[in-house]
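Chemist: Sending over a structure as structure tokens; questions will come in a sec.
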Amino acid sequence: MKVLEERLNKIKEELIEMHKISREAVELCLDSRSLAKVSSIERRADVMNTDIDDNCLVAVALYQPVARDLRFLASVMRLSANYERISDLAEKIAKLENKDAERLKEMQEIVLEMFDIVYEALSEGKTESLKDKLVEKDDILDKINKKILEENMEKKVKEAIDTIIAAKHFERIGDILSKNGSRIIYIEEGKRVWIK
């Protein structure tokens with residue numbers, strides 16, 4: 001059905017835009033001058049998430065899709081909510097005062113690499129080695145997060161807490177991106193794969 005296909009393509013474009021803006025929020029969140037921009041992105045992500053949910057429900061109601069199309073619509077609603085959550089976490093990081101730790105920049109870079117891995121799968125439908133790539137990156141985030149906890153045990157409380165919280169948020173963003181990867185595999189291959 002051509003009309004359904006056009007609607008699904010539009011929804012996919014909206015989801016890719018959600019991916020891009022949440023990535024931008026993460027890219028900006030360690031820059032102390034970017035809080036207003038990150039907050040603006042977070043508000044935009046809230047609106048886009050609601051719009052995507054509505055568009056998916058309308059597509060289900062009007063066209064009663066089956067198989068891959070239904071998996072796609074159900075998964076897009078989850079993926080969109082995950083991107084909205086990533087924007088929330090990026091805003092929380094942007095609001096912290098002490099976030100200059102070199103290890104946080106390292107975590108940010110890894111998360112941005114995960115965004116690129118997920119983007120390729122989302123935009124092109126290529127899921128080969130997606131799980132392995134995301135697991136590798138997420139394992140690195142977990143290790144850095146642990147190191148940050150250990151290194152900050154003896155620092156001043158406020159400085160240590162902000163760094164630890166920012167690290168935890170980056171680690172959580174990595175988890176969410178891994179979940180998005182498993183959701184994309186479900187869309188493309190119809191099988192459930194747990195990534196972390």
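Here's how to read the names in the structure tokens: chain A, B, ... by the order shown, residue numbers from 1 in each chain, ligand numbers from 1 in the order shown.
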As a list in words, please: the residues near range 134-150 of chain A (cut-off 7 Å, only C-alpha atoms, same-chain neighbours under 2 positions excluded).
Modeler: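 Those residues are Arg103, Met107, Ile110, Met114, Leu130, Lys131, Asp132, Asn152, Met153, Ile164, Ala167, Lys168, Glu171, Gly174, Asp175, Ser178, Ile195 and Lys196 of chain A.
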Chemist: Could you make a table, as a Markdown table, of the residues of range 40-124 of chain A that have an atom within 10 Å of an atom of range 4-8 of chain A, each with its nearest atom pair and distance in Å to one decimal, counting only C-alpha atoms, in chain and number order?
Modeler:
| residue | atom | partner | partner_atom | distance |
| --- | --- | --- | --- | --- |
| A:Asn55 | CA | A:Arg7 | CA | 8.4 |
| A:Cys56 | CA | A:Leu8 | CA | 8.3 |
| A:Val58 | CA | A:Arg7 | CA | 9.7 |
| A:Ala59 | CA | A:Arg7 | CA | 7.2 |
| A:Val60 | CA | A:Leu4 | CA | 9.5 |
| A:Leu62 | CA | A:Leu4 | CA | 8.8 |
| A:Tyr63 | CA | A:Leu4 | CA | 6.6 |
| A:Gln64 | CA | A:Leu4 | CA | 9.4 |
| A:Pro65 | CA | A:Leu4 | CA | 8.2 |
| A:Asp69 | CA | A:Leu8 | CA | 7.9 |
| A:Phe72 | CA | A:Leu8 | CA | 8.4 |
| A:Leu73 | CA | A:Leu8 | CA | 7.9 |
Chemist: Convert the current residue selection to file output with all heavy atoms, as a CSV table (one decimal), in the first residue's frame.
Modeler:
chain,number,residue,atom,x,y,z
A,55,ASN,N,1.8,9.9,15.3
A,55,ASN,CA,1.9,9.5,13.9
A,55,ASN,C,1.9,8.0,13.8
A,55,ASN,O,1.3,7.4,12.9
A,55,ASN,CB,3.1,10.1,13.3
A,55,ASN,CG,3.0,11.6,13.1
A,55,ASN,OD1,1.8,12.1,13.0
A,55,ASN,ND2,4.1,12.3,12.9
A,56,CYS,N,2.5,7.3,14.7
A,56,CYS,CA,2.5,5.8,14.7
A,56,CYS,C,1.1,5.3,15.0
A,56,CYS,O,0.7,4.3,14.4
A,56,CYS,CB,3.6,5.3,15.8
A,56,CYS,SG,5.3,5.6,15.3
A,58,VAL,N,-1.7,6.7,14.6
A,58,VAL,CA,-2.6,7.0,13.4
A,58,VAL,C,-2.4,6.0,12.3
A,58,VAL,O,-3.3,5.5,11.7
A,58,VAL,CB,-2.4,8.5,12.9
A,58,VAL,CG1,-3.1,8.7,11.6
A,58,VAL,CG2,-3.0,9.5,13.9
A,59,ALA,N,-1.1,5.7,12.1
A,59,ALA,CA,-0.8,4.7,11.0
A,59,ALA,C,-1.4,3.3,11.3
A,59,ALA,O,-1.9,2.7,10.5
A,59,ALA,CB,0.7,4.6,10.8
A,60,VAL,N,-1.3,3.0,12.6
A,60,VAL,CA,-1.8,1.7,13.0
A,60,VAL,C,-3.4,1.7,12.8
A,60,VAL,O,-4.0,0.7,12.3
A,60,VAL,CB,-1.5,1.3,14.5
A,60,VAL,CG1,-2.3,0.1,15.0
A,60,VAL,CG2,0.0,1.0,14.6
A,62,LEU,N,-5.3,3.6,10.9
A,62,LEU,CA,-5.8,3.8,9.5
A,62,LEU,C,-5.5,2.6,8.6
A,62,LEU,O,-6.2,2.3,7.8
A,62,LEU,CB,-5.2,5.1,8.9
A,62,LEU,CG,-5.7,6.4,9.5
A,62,LEU,CD1,-5.0,7.6,8.8
A,62,LEU,CD2,-7.2,6.6,9.3
A,63,TYR,N,-4.3,2.0,8.8
A,63,TYR,CA,-3.8,1.1,7.8
A,63,TYR,C,-3.7,-0.4,8.3
A,63,TYR,O,-3.4,-1.3,7.5
A,63,TYR,CB,-2.5,1.5,7.2
A,63,TYR,CG,-2.6,2.9,6.7
A,63,TYR,CD1,-2.0,4.0,7.3
A,63,TYR,CD2,-3.3,3.2,5.5
A,63,TYR,CE1,-2.1,5.3,6.8
A,63,TYR,CE2,-3.4,4.5,5.0
A,63,TYR,CZ,-2.8,5.5,5.7
A,63,TYR,OH,-2.9,6.8,5.2
A,64,GLN,N,-3.8,-0.6,9.6
A,64,GLN,CA,-3.7,-1.9,10.2
A,64,GLN,C,-2.5,-2.7,9.6
A,64,GLN,O,-2.7,-3.8,9.1
A,64,GLN,CB,-5.0,-2.7,10.0
A,64,GLN,CG,-6.2,-2.0,10.7
A,64,GLN,CD,-7.5,-2.6,10.3
A,64,GLN,OE1,-7.6,-3.4,9.4
A,64,GLN,NE2,-8.5,-2.2,11.1
A,65,PRO,N,-1.3,-2.2,9.8
A,65,PRO,CA,-0.1,-2.8,9.3
A,65,PRO,C,0.1,-4.2,10.0
A,65,PRO,O,-0.3,-4.4,11.1
A,65,PRO,CB,1.0,-1.8,9.6
A,65,PRO,CG,0.5,-1.1,10.8
A,65,PRO,CD,-1.0,-1.0,10.6
A,69,ASP,N,6.0,-4.0,9.2
A,69,ASP,CA,5.5,-2.6,9.3
A,69,ASP,C,5.0,-2.4,10.7
A,69,ASP,O,5.2,-1.3,11.3
A,69,ASP,CB,4.4,-2.3,8.3
A,69,ASP,CG,4.9,-2.3,6.9
A,69,ASP,OD1,6.2,-2.1,6.7
A,69,ASP,OD2,4.1,-2.4,5.9
A,72,PHE,N,7.9,-2.2,13.1
A,72,PHE,CA,8.5,-0.9,12.9
A,72,PHE,C,7.8,0.2,13.7
A,72,PHE,O,8.4,0.9,14.5
A,72,PHE,CB,8.5,-0.5,11.4
A,72,PHE,CG,9.0,0.9,11.2
A,72,PHE,CD1,10.3,1.2,11.2
A,72,PHE,CD2,8.0,1.9,10.9
A,72,PHE,CE1,10.7,2.6,11.0
A,72,PHE,CE2,8.4,3.2,10.7
A,72,PHE,CZ,9.8,3.5,10.7
A,73,LEU,N,6.5,0.2,13.6
A,73,LEU,CA,5.7,1.3,14.3
A,73,LEU,C,5.8,1.1,15.8
A,73,LEU,O,6.0,2.1,16.5
A,73,LEU,CB,4.3,1.3,13.8
A,73,LEU,CG,4.1,1.8,12.4
A,73,LEU,CD1,2.7,1.5,11.9
A,73,LEU,CD2,4.4,3.3,12.3
Chemist: So that I can check the surroundings of range 182-191 of chain A, please list as a count of residues only every protein, DNA and RNA residue that reaches within 12 Å of it, counting only C-alpha atoms and ignoring chain neighbours fewer than 5 positions away.
Modeler: 40
Chemist: Tell me, as a PyMOL selection string, which residues lie within 10 Å of Lys92 in chain A, counting only C-alpha atoms; anything in the same chain fewer than 6 positions away does not count.
Modeler: chain A and resi 29+35+38-39+86+165-166+169
Chemist: Those residues with N, CA, C and O atoms, as a CSV table (one decimal), in the first residue's frame please?
Modeler:
chain,number,residue,atom,x,y,z
A,29,CYS,N,26.8,18.9,25.6
A,29,CYS,CA,26.5,18.9,27.1
A,29,CYS,C,27.7,19.2,28.0
A,29,CYS,O,27.5,19.6,29.1
A,35,LEU,N,24.3,25.3,27.8
A,35,LEU,CA,23.1,24.9,28.6
A,35,LEU,C,21.8,25.3,27.9
A,35,LEU,O,20.9,24.5,27.7
A,38,VAL,N,21.2,23.1,24.8
A,38,VAL,CA,20.8,21.8,25.2
A,38,VAL,C,19.4,21.7,25.7
A,38,VAL,O,18.6,20.8,25.4
A,39,SER,N,19.1,22.7,26.6
A,39,SER,CA,17.7,22.8,27.1
A,39,SER,C,16.7,23.0,26.0
A,39,SER,O,15.6,22.4,26.0
A,86,ILE,N,17.5,10.4,26.3
A,86,ILE,CA,18.9,10.8,26.1
A,86,ILE,C,19.0,12.3,26.2
A,86,ILE,O,19.9,12.9,26.8
A,165,ILE,N,28.1,11.9,38.7
A,165,ILE,CA,26.8,12.0,38.1
A,165,ILE,C,26.8,12.1,36.6
A,165,ILE,O,26.1,11.4,35.9
A,166,ALA,N,27.7,13.0,36.1
A,166,ALA,CA,27.9,13.1,34.7
A,166,ALA,C,28.3,11.8,34.0
A,166,ALA,O,27.8,11.4,33.0
A,169,HIS,N,25.4,9.4,33.9
A,169,HIS,CA,24.5,9.8,32.8
A,169,HIS,C,25.0,9.3,31.4
A,169,HIS,O,24.3,8.8,30.6
Chemist: Using only C-alpha atoms, which residues sit within 6 Å of range 40-45 of chain A once same-chain residues fewer than 6 positions away are excluded, as a PyMOL selection string?
Modeler: chain A and resi 84+87-88
Chemist: Would you put the residues from that selection into a file with N, CA and C atoms, as a CSV table (one decimal), in the first residue's frame?
Modeler:
chain,number,residue,atom,x,y,z
A,84,GLU,N,14.3,10.8,23.5
A,84,GLU,CA,13.9,11.9,24.3
A,84,GLU,C,14.5,11.8,25.7
A,87,SER,N,18.1,13.0,25.5
A,87,SER,CA,18.1,14.5,25.6
A,87,SER,C,17.9,15.0,27.0
A,88,ASP,N,17.1,14.3,27.8
A,88,ASP,CA,16.9,14.7,29.2
A,88,ASP,C,18.3,14.5,30.0
Chemist: Identify which of the residues A:Ile93, A:Ile161, A:Ala36, A:Ala81 lies closest to His19 in chain A, counting only C-alpha atoms when measuring atom-to-atom distances.
Modeler: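 Checking each candidate against His19 in chain A, we get A:Ala81 as the closest.
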Chemist: Tell me, in Å to one decimal, how far CA of Asn180 in chain A is from CA of Asp100 in chain A.
Modeler: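 Rounded to one decimal, the two atoms are 28.2 Å apart.
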Chemist: Based on the backbone DSSP call, show me all residues of range 6-196 of chain A assigned alpha helix (DSSP H), as a PyMOL selection string.
Modeler: chain A and resi 6-28+35-63+67-95+102-124+130-151+157-189
Chemist: When you draw a straight line from CA of Ser34 in chain A to CA of Lys99 in chain A, how long is it in Å?
Modeler: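 These two atoms are separated by 12.9 Å.
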Chemist: Name the closest residue to Glu27 in chain A among the candidates A:Glu14, A:Glu113, A:Asp54, A:Glu97; distances are taken between atoms, counting only C-alpha atoms.
Modeler: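 Smallest separation from Glu27 in chain A among the options: A:Glu113.
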Chemist: What does the distance between CA of Leu89 in chain A and CA of Ala25 in chain A come to in Å, to one decimal place?
Modeler: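 CA of Ala25 in chain A lies at a distance of 9.1 Å from CA of Leu89 in chain A.
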Chemist: Which one is closest to Val47 in chain A: A:Arg33, A:Met18, A:Val26, A:Lys2? Count only C-alpha atoms.
Modeler: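 Using only C-alpha atoms, the shortest distance to Val47 in chain A belongs to A:Met18.
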Chemist: Given the choices A:Val193, A:Arg85, A:Ile11, A:Asp162, which gets closest to Asp46 in chain A if the distance is worked out from only C-alpha atoms?
Modeler: A:Arg85
